[in-house]
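A.B. asks: input-v8.pdb is reproduced in full below (PDB, C-alpha atoms).
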ATOM      1  CA  MET A  40      66.297  52.596  26.440  1.00  0.00           C
ATOM      2  CA  PRO A  41      67.926  49.326  27.577  1.00  0.00           C
ATOM      3  CA  ASP A  42      67.329  48.376  31.224  1.00  0.00           C
ATOM      4  CA  SER A  43      71.095  48.333  31.737  1.00  0.00           C
ATOM      5  CA  MET A  44      71.510  51.973  30.636  1.00  0.00           C
ATOM      6  CA  ILE A  45      72.708  54.047  33.603  1.00  0.00           C
ATOM      7  CA  PHE A  46      74.549  56.860  31.849  1.00  0.00           C
ATOM      8  CA  GLN A  47      74.093  58.529  28.494  1.00  0.00           C
ATOM      9  CA  ARG A  48      74.969  61.698  26.628  1.00  0.00           C
ATOM     10  CA  THR A  49      72.797  64.601  27.672  1.00  0.00           C
ATOM     11  CA  LYS A  50      70.352  66.005  25.122  1.00  0.00           C
ATOM     12  CA  GLY A  51      71.854  69.391  25.931  1.00  0.00           C
ATOM     13  CA  LEU A  52      74.923  68.547  23.846  1.00  0.00           C
ATOM     14  CA  THR A  53      75.147  67.826  20.140  1.00  0.00           C
ATOM     15  CA  ASP A  54      76.834  64.725  18.712  1.00  0.00           C
ATOM     16  CA  ALA A  55      79.882  66.778  17.712  1.00  0.00           C
ATOM     17  CA  GLU A  56      83.180  65.477  19.101  1.00  0.00           C
ATOM     18  CA  PHE A  57      84.888  67.880  21.488  1.00  0.00           C
ATOM     19  CA  THR A  58      87.944  69.606  20.040  1.00  0.00           C
ATOM     20  CA  TYR A  59      89.560  70.186  23.435  1.00  0.00           C
ATOM     21  CA  CYS A  60      92.907  68.690  24.380  1.00  0.00           C
ATOM     22  CA  PRO A  61      92.803  65.300  26.133  1.00  0.00           C
ATOM     23  CA  GLY A  62      92.474  65.917  29.857  1.00  0.00           C
ATOM     24  CA  CYS A  63      90.934  69.372  29.493  1.00  0.00           C
ATOM     25  CA  THR A  64      88.029  69.978  31.873  1.00  0.00           C
ATOM     26  CA  HIS A  65      86.043  72.157  29.464  1.00  0.00           C
ATOM     27  CA  GLY A  66      84.143  69.019  28.493  1.00  0.00           C
ATOM     28  CA  ILE A  67      83.004  68.446  32.079  1.00  0.00           C
ATOM     29  CA  ILE A  68      81.800  72.031  32.364  1.00  0.00           C
ATOM     30  CA  HIS A  69      79.989  71.815  29.028  1.00  0.00           C
ATOM     31  CA  ARG A  70      78.124  68.756  30.217  1.00  0.00           C
ATOM     32  CA  LEU A  71      77.124  70.400  33.503  1.00  0.00           C
ATOM     33  CA  VAL A  72      75.697  73.461  31.747  1.00  0.00           C
ATOM     34  CA  ALA A  73      73.859  71.252  29.253  1.00  0.00           C
ATOM     35  CA  GLU A  74      72.440  68.993  31.965  1.00  0.00           C
ATOM     36  CA  VAL A  75      71.133  71.951  33.942  1.00  0.00           C
ATOM     37  CA  LEU A  76      69.409  73.449  30.904  1.00  0.00           C
ATOM     38  CA  VAL A  77      67.667  70.134  30.291  1.00  0.00           C
ATOM     39  CA  GLU A  78      66.684  69.673  33.945  1.00  0.00           C
ATOM     40  CA  LEU A  79      65.223  73.187  34.081  1.00  0.00           C
ATOM     41  CA  ASN A  80      63.356  72.531  30.813  1.00  0.00           C
ATOM     42  CA  GLN A  81      65.105  75.562  29.311  1.00  0.00           C
ATOM     43  CA  LEU A  82      67.111  73.985  26.500  1.00  0.00           C
ATOM     44  CA  GLU A  83      64.700  75.057  23.770  1.00  0.00           C
ATOM     45  CA  ASP A  84      64.673  78.643  25.027  1.00  0.00           C
ATOM     46  CA  ALA A  85      68.344  79.017  25.959  1.00  0.00           C
ATOM     47  CA  ILE A  86      70.768  81.208  24.032  1.00  0.00           C
ATOM     48  CA  GLY A  87      74.487  80.871  24.657  1.00  0.00           C
ATOM     49  CA  ILE A  88      77.231  83.317  23.723  1.00  0.00           C
ATOM     50  CA  ALA A  89      80.541  81.744  22.717  1.00  0.00           C
ATOM     51  CA  SER A  90      83.673  83.695  23.545  1.00  0.00           C
ATOM     52  CA  VAL A  91      87.050  83.813  21.846  1.00  0.00           C
ATOM     53  CA  GLY A  92      89.499  81.271  23.206  1.00  0.00           C
ATOM     54  CA  CYS A  93      89.502  77.515  23.657  1.00  0.00           C
ATOM     55  CA  SER A  94      85.701  77.570  23.860  1.00  0.00           C
ATOM     56  CA  VAL A  95      85.315  79.529  20.631  1.00  0.00           C
ATOM     57  CA  MET A  96      83.574  76.557  19.004  1.00  0.00           C
ATOM     58  CA  ALA A  97      81.090  76.044  21.850  1.00  0.00           C
ATOM     59  CA  TYR A  98      78.341  76.698  19.324  1.00  0.00           C
ATOM     60  CA  ASP A  99      79.154  73.275  17.835  1.00  0.00           C
ATOM     61  CA  PHE A 100      78.685  71.526  21.166  1.00  0.00           C
ATOM     62  CA  PHE A 101      75.681  73.044  22.950  1.00  0.00           C
ATOM     63  CA  ASN A 102      72.347  71.861  21.580  1.00  0.00           C
ATOM     64  CA  CYS A 103      70.702  75.259  21.906  1.00  0.00           C
ATOM     65  CA  ASP A 104      70.820  78.530  19.995  1.00  0.00           C
ATOM     66  CA  MET A 105      74.325  80.010  20.102  1.00  0.00           C
ATOM     67  CA  GLN A 106      75.892  83.303  19.060  1.00  0.00           C
ATOM     68  CA  GLN A 107      79.579  84.103  18.541  1.00  0.00           C
ATOM     69  CA  ALA A 108      80.901  87.304  20.117  1.00  0.00           C
ATOM     70  CA  ALA A 109      84.043  89.304  19.461  1.00  0.00           C
ATOM     71  CA  HIS A 110      86.890  88.890  21.952  1.00  0.00           C
ATOM     72  CA  GLY A 111      85.682  89.912  25.408  1.00  0.00           C
ATOM     73  CA  ARG A 112      82.336  91.248  24.207  1.00  0.00           C
ATOM     74  CA  ALA A 113      80.134  88.313  25.178  1.00  0.00           C
ATOM     75  CA  PRO A 114      78.378  90.192  28.056  1.00  0.00           C
ATOM     76  CA  ALA A 115      77.492  93.030  25.682  1.00  0.00           C
ATOM     77  CA  VAL A 116      76.090  90.599  23.100  1.00  0.00           C
ATOM     78  CA  ALA A 117      74.205  88.773  25.856  1.00  0.00           C
ATOM     79  CA  THR A 118      72.779  92.084  27.055  1.00  0.00           C
ATOM     80  CA  GLY A 119      71.350  92.889  23.638  1.00  0.00           C
ATOM     81  CA  ILE A 120      69.847  89.432  23.191  1.00  0.00           C
ATOM     82  CA  LYS A 121      68.356  89.377  26.687  1.00  0.00           C
ATOM     83  CA  ARG A 122      66.752  92.779  26.279  1.00  0.00           C
ATOM     84  CA  CYS A 123      65.147  91.628  23.032  1.00  0.00           C
ATOM     85  CA  LEU A 124      64.140  88.240  24.467  1.00  0.00           C
ATOM     86  CA  PRO A 125      63.683  88.829  28.213  1.00  0.00           C
ATOM     87  CA  ASN A 126      62.014  85.464  28.847  1.00  0.00           C
ATOM     88  CA  ASN A 127      64.844  83.377  27.390  1.00  0.00           C
ATOM     89  CA  ILE A 128      67.780  82.014  29.377  1.00  0.00           C
ATOM     90  CA  VAL A 129      70.882  83.837  28.101  1.00  0.00           C
ATOM     91  CA  PHE A 130      74.368  82.833  29.174  1.00  0.00           C
ATOM     92  CA  THR A 131      77.955  83.512  28.163  1.00  0.00           C
ATOM     93  CA  TYR A 132      80.719  80.919  28.255  1.00  0.00           C
ATOM     94  CA  GLN A 133      84.070  82.694  28.708  1.00  0.00           C
ATOM     95  CA  GLY A 134      87.642  81.870  29.656  1.00  0.00           C
ATOM     96  CA  ASP A 135      89.912  84.003  31.820  1.00  0.00           C
ATOM     97  CA  GLY A 136      91.878  85.274  28.819  1.00  0.00           C
ATOM     98  CA  ASP A 137      88.613  86.527  27.347  1.00  0.00           C
ATOM     99  CA  LEU A 138      86.731  87.793  30.395  1.00  0.00           C
ATOM    100  CA  ALA A 139      89.478  88.929  32.764  1.00  0.00           C
ATOM    101  CA  SER A 140      91.553  90.861  30.209  1.00  0.00           C
ATOM    102  CA  ILE A 141      89.980  92.499  27.165  1.00  0.00           C
ATOM    103  CA  GLY A 142      86.488  91.683  28.460  1.00  0.00           C
ATOM    104  CA  ALA A 143      86.900  93.012  31.989  1.00  0.00           C
ATOM    105  CA  GLY A 144      85.116  96.279  31.244  1.00  0.00           C
ATOM    106  CA  GLU A 145      82.199  94.484  29.627  1.00  0.00           C
ATOM    107  CA  VAL A 146      81.544  92.164  32.556  1.00  0.00           C
ATOM    108  CA  VAL A 147      81.970  94.907  35.163  1.00  0.00           C
ATOM    109  CA  HIS A 148      79.419  97.166  33.510  1.00  0.00           C
ATOM    110  CA  ALA A 149      76.995  94.310  32.851  1.00  0.00           C
ATOM    111  CA  ALA A 150      77.118  93.579  36.576  1.00  0.00           C
ATOM    112  CA  HIS A 151      76.650  97.267  37.457  1.00  0.00           C
ATOM    113  CA  ARG A 152      73.527  97.347  35.262  1.00  0.00           C
ATOM    114  CA  SER A 153      72.415  94.068  36.866  1.00  0.00           C
ATOM    115  CA  GLU A 154      71.706  92.608  33.462  1.00  0.00           C
ATOM    116  CA  ASN A 155      69.599  89.481  33.918  1.00  0.00           C
ATOM    117  CA  ILE A 156      72.176  87.181  32.315  1.00  0.00           C
ATOM    118  CA  THR A 157      74.434  84.379  33.562  1.00  0.00           C
ATOM    119  CA  ILE A 158      78.191  84.315  33.048  1.00  0.00           C
ATOM    120  CA  ILE A 159      79.956  80.941  33.012  1.00  0.00           C
ATOM    121  CA  PHE A 160      83.551  81.972  33.683  1.00  0.00           C
ATOM    122  CA  VAL A 161      86.216  79.282  33.217  1.00  0.00           C
ATOM    123  CA  ASN A 162      89.470  80.171  34.978  1.00  0.00           C
ATOM    124  CA  ASN A 163      92.494  78.013  34.098  1.00  0.00           C
ATOM    125  CA  ALA A 164      95.120  80.713  34.796  1.00  0.00           C
ATOM    126  CA  ILE A 165      96.543  80.760  31.269  1.00  0.00           C
ATOM    127  CA  TYR A 166      95.843  81.592  27.631  1.00  0.00           C
ATOM    128  CA  GLY A 167      95.254  78.057  26.418  1.00  0.00           C
ATOM    129  CA  MET A 168      94.294  78.437  22.763  1.00  0.00           C
ATOM    130  CA  THR A 169      96.996  80.855  21.614  1.00  0.00           C
ATOM    131  CA  GLY A 170     100.065  79.111  23.002  1.00  0.00           C
ATOM    132  CA  GLY A 171     100.053  79.211  26.798  1.00  0.00           C
ATOM    133  CA  GLN A 172     100.829  82.860  27.458  1.00  0.00           C
ATOM    134  CA  MET A 173     100.466  84.552  30.852  1.00  0.00           C
ATOM    135  CA  ALA A 174      96.882  85.584  31.618  1.00  0.00           C
ATOM    136  CA  PRO A 175      95.506  88.121  34.126  1.00  0.00           C
ATOM    137  CA  THR A 176      94.787  85.111  36.360  1.00  0.00           C
ATOM    138  CA  THR A 177      98.232  83.458  36.088  1.00  0.00           C
ATOM    139  CA  LEU A 178      99.646  82.864  39.561  1.00  0.00           C
ATOM    140  CA  ILE A 179     102.779  84.498  40.934  1.00  0.00           C
ATOM    141  CA  GLY A 180     105.726  82.266  40.018  1.00  0.00           C
ATOM    142  CA  GLN A 181     103.716  80.318  37.431  1.00  0.00           C
ATOM    143  CA  LYS A 182     105.698  79.674  34.264  1.00  0.00           C
ATOM    144  CA  THR A 183     104.118  80.364  30.877  1.00  0.00           C
ATOM    145  CA  THR A 184     105.444  80.992  27.379  1.00  0.00           C
ATOM    146  CA  THR A 185     105.565  84.729  28.122  1.00  0.00           C
ATOM    147  CA  SER A 186     106.744  84.344  31.726  1.00  0.00           C
ATOM    148  CA  PRO A 187     109.321  81.532  31.363  1.00  0.00           C
ATOM    149  CA  TYR A 188     110.878  82.393  34.725  1.00  0.00           C
ATOM    150  CA  GLY A 189     107.532  82.706  36.470  1.00  0.00           C
ATOM    151  CA  ARG A 190     105.123  85.609  36.871  1.00  0.00           C
ATOM    152  CA  LYS A 191     106.642  88.442  38.911  1.00  0.00           C
ATOM    153  CA  LYS A 192     104.448  90.650  41.063  1.00  0.00           C
ATOM    154  CA  GLU A 193     106.731  93.667  40.719  1.00  0.00           C
ATOM    155  CA  GLU A 194     106.311  93.559  36.944  1.00  0.00           C
ATOM    156  CA  THR A 195     102.689  92.519  36.415  1.00  0.00           C
ATOM    157  CA  GLY A 196     100.953  92.901  39.763  1.00  0.00           C
ATOM    158  CA  ASP A 197      98.884  90.231  41.470  1.00  0.00           C
ATOM    159  CA  PRO A 198      96.545  87.913  39.579  1.00  0.00           C
ATOM    160  CA  ILE A 199      93.061  89.366  39.345  1.00  0.00           C
ATOM    161  CA  ARG A 200      90.340  87.814  41.495  1.00  0.00           C
ATOM    162  CA  VAL A 201      87.223  88.298  39.396  1.00  0.00           C
ATOM    163  CA  SER A 202      84.649  86.882  41.830  1.00  0.00           C
ATOM    164  CA  GLU A 203      85.849  89.050  44.697  1.00  0.00           C
ATOM    165  CA  MET A 204      85.809  92.113  42.447  1.00  0.00           C
ATOM    166  CA  LEU A 205      82.326  91.552  41.049  1.00  0.00           C
ATOM    167  CA  ALA A 206      80.915  90.737  44.476  1.00  0.00           C
ATOM    168  CA  THR A 207      81.499  94.375  45.479  1.00  0.00           C
ATOM    169  CA  ILE A 208      79.179  95.612  42.725  1.00  0.00           C
ATOM    170  CA  PRO A 209      75.643  96.465  43.947  1.00  0.00           C
ATOM    171  CA  GLY A 210      74.034  95.147  40.761  1.00  0.00           C
ATOM    172  CA  ALA A 211      75.558  91.672  41.095  1.00  0.00           C
ATOM    173  CA  THR A 212      73.027  89.186  42.460  1.00  0.00           C
ATOM    174  CA  TYR A 213      74.880  85.904  42.727  1.00  0.00           C
ATOM    175  CA  ILE A 214      78.630  85.211  42.495  1.00  0.00           C
ATOM    176  CA  GLU A 215      80.162  81.834  43.344  1.00  0.00           C
ATOM    177  CA  ARG A 216      83.546  80.226  42.685  1.00  0.00           C
ATOM    178  CA  VAL A 217      83.650  76.458  42.250  1.00  0.00           C
ATOM    179  CA  SER A 218      85.990  73.862  40.777  1.00  0.00           C
ATOM    180  CA  VAL A 219      85.937  70.625  38.789  1.00  0.00           C
ATOM    181  CA  HIS A 220      89.075  68.953  40.122  1.00  0.00           C
ATOM    182  CA  ASN A 221      87.242  66.000  41.680  1.00  0.00           C
ATOM    183  CA  PRO A 222      83.749  64.413  41.620  1.00  0.00           C
ATOM    184  CA  ALA A 223      82.539  66.086  44.814  1.00  0.00           C
ATOM    185  CA  HIS A 224      83.367  69.532  43.465  1.00  0.00           C
ATOM    186  CA  VAL A 225      81.900  68.679  40.065  1.00  0.00           C
ATOM    187  CA  ARG A 226      78.579  68.111  41.849  1.00  0.00           C
ATOM    188  CA  LYS A 227      78.930  71.428  43.693  1.00  0.00           C
ATOM    189  CA  THR A 228      79.653  73.150  40.400  1.00  0.00           C
ATOM    190  CA  LYS A 229      76.444  71.805  38.893  1.00  0.00           C
ATOM    191  CA  LYS A 230      74.449  73.099  41.867  1.00  0.00           C
ATOM    192  CA  ALA A 231      75.984  76.555  41.437  1.00  0.00           C
ATOM    193  CA  ILE A 232      75.176  76.645  37.719  1.00  0.00           C
ATOM    194  CA  LYS A 233      71.603  75.575  38.423  1.00  0.00           C
ATOM    195  CA  LYS A 234      71.154  78.269  41.064  1.00  0.00           C
ATOM    196  CA  ALA A 235      72.482  80.936  38.684  1.00  0.00           C
ATOM    197  CA  PHE A 236      70.040  79.897  35.955  1.00  0.00           C
ATOM    198  CA  GLN A 237      67.156  79.686  38.429  1.00  0.00           C
ATOM    199  CA  TYR A 238      67.851  83.228  39.618  1.00  0.00           C
ATOM    200  CA  GLN A 239      67.830  84.338  36.011  1.00  0.00           C
ATOM    201  CA  GLN A 240      64.475  82.611  35.489  1.00  0.00           C
ATOM    202  CA  GLU A 241      63.180  84.563  38.475  1.00  0.00           C
ATOM    203  CA  LYS A 242      64.529  87.806  36.955  1.00  0.00           C
ATOM    204  CA  ARG A 243      66.869  88.401  39.894  1.00  0.00           C
ATOM    205  CA  GLY A 244      69.621  90.078  37.876  1.00  0.00           C
ATOM    206  CA  PHE A 245      73.294  89.449  37.132  1.00  0.00           C
ATOM    207  CA  THR A 246      74.766  86.058  38.057  1.00  0.00           C
ATOM    208  CA  MET A 247      78.215  84.570  37.526  1.00  0.00           C
ATOM    209  CA  VAL A 248      79.750  81.186  38.289  1.00  0.00           C
ATOM    210  CA  GLU A 249      83.552  81.133  38.207  1.00  0.00           C
ATOM    211  CA  ILE A 250      84.870  77.619  37.622  1.00  0.00           C
ATOM    212  CA  LEU A 251      88.489  76.719  38.327  1.00  0.00           C
ATOM    213  CA  SER A 252      89.614  74.483  35.495  1.00  0.00           C
ATOM    214  CA  THR A 253      92.786  72.826  34.245  1.00  0.00           C
ATOM    215  CA  CYS A 254      94.943  73.301  31.160  1.00  0.00           C
ATOM    216  CA  ASN A 255      97.259  70.325  31.453  1.00  0.00           C
ATOM    217  CA  VAL A 256      98.816  70.921  28.011  1.00  0.00           C
ATOM    218  CA  GLY A 257      99.429  74.618  28.654  1.00  0.00           C
ATOM    219  CA  TRP A 258     100.734  73.838  32.118  1.00  0.00           C
ATOM    220  CA  GLY A 259     102.982  71.069  30.757  1.00  0.00           C
ATOM    221  CA  MET A 260     101.521  68.355  32.982  1.00  0.00           C
ATOM    222  CA  SER A 261      99.635  65.110  32.795  1.00  0.00           C
ATOM    223  CA  PRO A 262      95.862  65.412  33.300  1.00  0.00           C
ATOM    224  CA  LEU A 263      96.086  63.902  36.808  1.00  0.00           C
ATOM    225  CA  ASP A 264      98.980  66.119  37.841  1.00  0.00           C
ATOM    226  CA  ALA A 265      97.052  69.146  36.573  1.00  0.00           C
ATOM    227  CA  LEU A 266      94.086  68.296  38.801  1.00  0.00           C
ATOM    228  CA  ASP A 267      96.437  68.081  41.798  1.00  0.00           C
ATOM    229  CA  TRP A 268      98.144  71.349  40.802  1.00  0.00           C
ATOM    230  CA  LEU A 269      94.802  73.130  40.664  1.00  0.00           C
ATOM    231  CA  GLU A 270      93.897  71.944  44.153  1.00  0.00           C
ATOM    232  CA  GLU A 271      97.299  72.705  45.654  1.00  0.00           C
ATOM    233  CA  ASN A 272      98.011  76.035  43.940  1.00  0.00           C
ATOM    234  CA  MET A 273      94.903  77.665  42.502  1.00  0.00           C
ATOM    235  CA  ILE A 274      92.427  77.105  45.312  1.00  0.00           C
ATOM    236  CA  PRO A 275      94.624  78.743  47.997  1.00  0.00           C
ATOM    237  CA  TYR A 276      94.742  81.925  45.897  1.00  0.00           C
ATOM    238  CA  TYR A 277      91.233  81.585  44.485  1.00  0.00           C
ATOM    239  CA  PRO A 278      89.225  80.285  47.474  1.00  0.00           C
ATOM    240  CA  LEU A 279      86.035  78.446  46.638  1.00  0.00           C
ATOM    241  CA  GLY A 280      82.655  79.582  47.914  1.00  0.00           C
ATOM    242  CA  VAL A 281      79.740  81.959  47.526  1.00  0.00           C
ATOM    243  CA  TYR A 282      80.948  85.546  47.318  1.00  0.00           C
ATOM    244  CA  LYS A 283      77.528  87.093  46.953  1.00  0.00           C
ATOM    245  CA  ASP A 284      73.963  85.831  47.118  1.00  0.00           C
ATOM    246  CA  LYS A 285      71.738  88.881  47.323  1.00  0.00           C
ATOM    247  CA  VAL A 286      68.567  86.785  47.280  1.00  0.00           C
ATOM    248  CA  LYS A 287      69.687  84.784  50.317  1.00  0.00           C
ATOM    249  CA  GLU A 288      71.045  87.843  52.095  1.00  0.00           C
ATOM    250  CA  GLU A 289      67.817  89.810  51.685  1.00  0.00           C
ATOM    251  CA  GLY A 290      65.557  86.841  52.283  1.00  0.00           C
ATOM    252  CA  ARG A 291      63.884  85.080  49.358  1.00  0.00           C
ATOM    253  CA  GLN A 292      60.812  87.061  48.352  1.00  0.00           C
TER     254      GLN A 292
END
Is it possible to express this structure as structure tokens?
C.D. replies:
Amino acid sequence: MPDSMIFQRTKGLTDAEFTYCPGCTHGIIHRLVAEVLVELNQLEDAIGIASVGCSVMAYDFFNCDMQQAAHGRAPAVATGIKRCLPNNIVFTYQGDGDLASIGAGEVVHAAHRSENITIIFVNNAIYGMTGGQMAPTTLIGQKTTTSPYGRKKEETGDPIRVSEMLATIPGATYIERVSVHNPAHVRKTKKAIKKAFQYQQEKRGFTMVEILSTCNVGWGMSPLDALDWLEENMIPYYPLGVYKDKVKEEGRQ
């Protein structure tokens, strides 16, 4: 490696070019997951489950074994793989349209069973891949292709807060919500992902990291404006922080 080399592509990612829209933060999250797997020396033993949505082709990008799941069923697929290979790191990579809607039952029951898997949950408050429709996480007043006048509470209820919901489940071990809207929070996101994988290594049970992300194309904004919109609108409704850390609460044993 040249002496001047200070930054390079992580071995946790393949050489495939990302297919995400310019400005999308999926690429940042991919890199963080990949870096953590390498740093924990788990890349060779990791198995990821790709969801349906913008990240449907994640199997082309992560340099580890990957499996495609039907829409919303990634936690169920991860459960089967983990039970067959209990010593491997198994994680799902899911968007809010996948996990918070059709997949809500799967993730709730996986948490209740305290399956020793890690969920990487990317929340950008919209269905990005299929045309920008309203998602379960779309904010009140937010305009989408299926809510052109803004989401209305009296018609669709409040946006679902997945981390708060899962934190009430006894089987959930670690739940944290983070964001990637600036470098400081990108670093915090990496720490949360690493902790989730470490707990899985220690066989602590179900872990999930919810990551607030942008969809500048779906939101109809520039990439920079989308980062500001996330900070100003999403974080007040989806506060960042640790919602459950059973290991810390009970004292690390």
A.B. asks: Could you list the residues chosen by the PyMOL selection byres ((chain A and resi 104) around 10) in this structure as a list in words?
C.D. replies: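 When the PyMOL selection byres ((chain A and resi 104) around 10) is applied to the shown file, the picked residues are Leu82, Glu83, Asp84, Ala85, Ile86, Gly87, Ile88, Tyr98, Phe101, Asn102, Cys103, Met105, Gln106 and Val129 of chain A.
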A.B. asks: Hey, which of A:Asp99, A:Asp197, A:Glu289, A:Glu145 ends up closest to Pro114 in chain A? Count only C-alpha atoms.
C.D. replies: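 Under the stated criterion, the closest residue is A:Glu145.
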A.B. asks: Measuring atom to atom with only C-alpha atoms, identify which of A:Pro61, A:Ile156, A:Gln107, A:Ser140 is nearest to Ile199 in chain A.
C.D. replies: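 Among the listed residues, A:Ser140 lies closest to Ile199 in chain A.
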A.B. asks: Could you check the closest approach to Val147 in chain A for each of A:Phe245, A:Tyr59, A:Tyr282, A:Tyr238 and tell me which residue wins, using all atoms listed in the file?
C.D. replies: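 So, comparing all the options, the nearest one is A:Phe245.
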A.B. asks: Can you give me, as an mmCIF file with C-alpha atoms, keeping the file's coordinate frame, the residues this file yields under the PyMOL selection byres ((chain A and resi 154) around 7)?
C.D. replies:
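Contents of out_36.cif, freshly written:
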data_model
loop_
_atom_site.group_PDB
_atom_site.id
_atom_site.type_symbol
_atom_site.label_atom_id
_atom_site.label_comp_id
_atom_site.auth_asym_id
_atom_site.auth_seq_id
_atom_site.Cartn_x
_atom_site.Cartn_y
_atom_site.Cartn_z
ATOM 1 C CA THR A 118 72.779 92.084 27.055
ATOM 2 C CA ALA A 149 76.995 94.310 32.851
ATOM 3 C CA ALA A 150 77.118 93.579 36.576
ATOM 4 C CA ARG A 152 73.527 97.347 35.262
ATOM 5 C CA SER A 153 72.415 94.068 36.866
ATOM 6 C CA ASN A 155 69.599 89.481 33.918
ATOM 7 C CA ILE A 156 72.176 87.181 32.315
ATOM 8 C CA GLY A 244 69.621 90.078 37.876
ATOM 9 C CA PHE A 245 73.294 89.449 37.132
#
A.B. asks: Mind checking which residues fall within 10 Å of Val161 in chain A, counting all atoms listed in the file, ignoring those fewer than 6 positions away in the same chain, and posting them as a VMD selection string?
C.D. replies: chain A and resid 64 to 65 68 94 132 to 138 216 to 218 248 to 253
A.B. asks: Could you jot down the CA of Tyr166 in chain A to CA of Asn255 in chain A separation for me, Å, one decimal place?
C.D. replies: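 For CA of Tyr166 in chain A relative to CA of Asn255 in chain A, the distance reads 12.0 Å.
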A.B. asks: Determine the nearest neighbour of Ala89 in chain A from the options A:Tyr213, A:Phe236, A:Trp258, A:Phe130, counting only C-alpha atoms.
C.D. replies: A:Phe130
A.B. asks: Given the PyMOL selection byres ((chain A and resi 246) around 6) and the file above, list the residues it selects as a PyMOL selection string.
C.D. replies: chain A and resi 157+212-214+235+245+247
A.B. asks: Write the residues of the preceding selection, restricted to C-alpha atoms, as a compact mmCIF listing (two decimals), in the frame of the given file.
C.D. replies:
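Result went into out_12.txt, see below:
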# COMPACT_ATOMS: atom_id res chain seq x y z
CA THR A 157 74.43 84.38 33.56
CA THR A 212 73.03 89.19 42.46
CA TYR A 213 74.88 85.90 42.73
CA ILE A 214 78.63 85.21 42.50
CA ALA A 235 72.48 80.94 38.68
CA PHE A 245 73.29 89.45 37.13
CA MET A 247 78.22 84.57 37.53
A.B. asks: Tell me, as number ranges by chain, which residues lie within 7 Å of Leu178 in chain A, counting only C-alpha atoms; anything in the same chain fewer than 4 positions away does not count.
C.D. replies: A: 164, 190, 198
A.B. asks: Could you list as a ChimeraX atom specification every residue that has an atom within 9 Å of (104.6, 77.5, 28.1), using the file's coordinates and counting all atoms listed in the file?
C.D. replies: /A:170-173,182-187,256-259
A.B. asks: For Asp54 in chain A, find every residue with an atom within 8 Å (counting all atoms listed in the file), except residues of its own chain fewer than 2 positions away, and show them as a PyMOL selection string.
C.D. replies: chain A and resi 52+56+100
A.B. asks: Counting all atoms listed in the file, find the residues whose atoms lie at most 12 Å from (92.8, 74.0, 45.2) (file coordinates) and write them out as a list of chain:residue names.
C.D. replies: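 With a cut-off of 12 Å, the residues come to A:Asn163, A:Arg216, A:Val217, A:Ser218, A:Val219, A:His220, A:Asn221, A:His224, A:Ile250, A:Leu251, A:Ser252, A:Thr253, A:Ala265, A:Leu266, A:Asp267, A:Trp268, A:Leu269, A:Glu270, A:Glu271, A:Asn272, A:Met273, A:Ile274, A:Pro275, A:Tyr276, A:Tyr277, A:Pro278, A:Leu279, A:Gly280.
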A.B. asks: Padding 8 Å on every side, please: axis-aligned box over the listed atoms of range 100-111 of chain A, centre and edge lengths to one decimal in Å, as JSON.
C.D. replies:
{"center_x": 78.8, "center_y": 80.7, "center_z": 22.0, "size_x": 32.2, "size_y": 34.4, "size_z": 22.9}
A.B. asks: Record the distance separating CA of Ala143 in chain A and CA of Gly62 in chain A, expressed in Å with one decimal.
C.D. replies: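 CA of Gly62 in chain A lies 27.7 Å from CA of Ala143 in chain A.
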A.B. asks: Please list as a list in words every residue within 7 Å of Gly111 in chain A, counting only C-alpha atoms and excluding residues in the same chain fewer than 2 positions away.
C.D. replies: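 Here the answer would be Ser90, Ala109, Ala113, Asp137, Leu138, Ile141 and Gly142 of chain A.
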A.B. asks: One decimal, in Å: what's the spacing between CA of Val225 in chain A and CA of Pro175 in chain A?
C.D. replies: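 Separating CA of Val225 in chain A from CA of Pro175 in chain A is a distance of 24.5 Å.
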A.B. asks: Between A:Gln237, A:Ala108, A:Arg48, A:Met204, which is the closest to Asn127 in chain A once you count all atoms listed in the file?
C.D. replies: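 Using all atoms listed in the file, Asn127 in chain A sits closest to A:Gln237.
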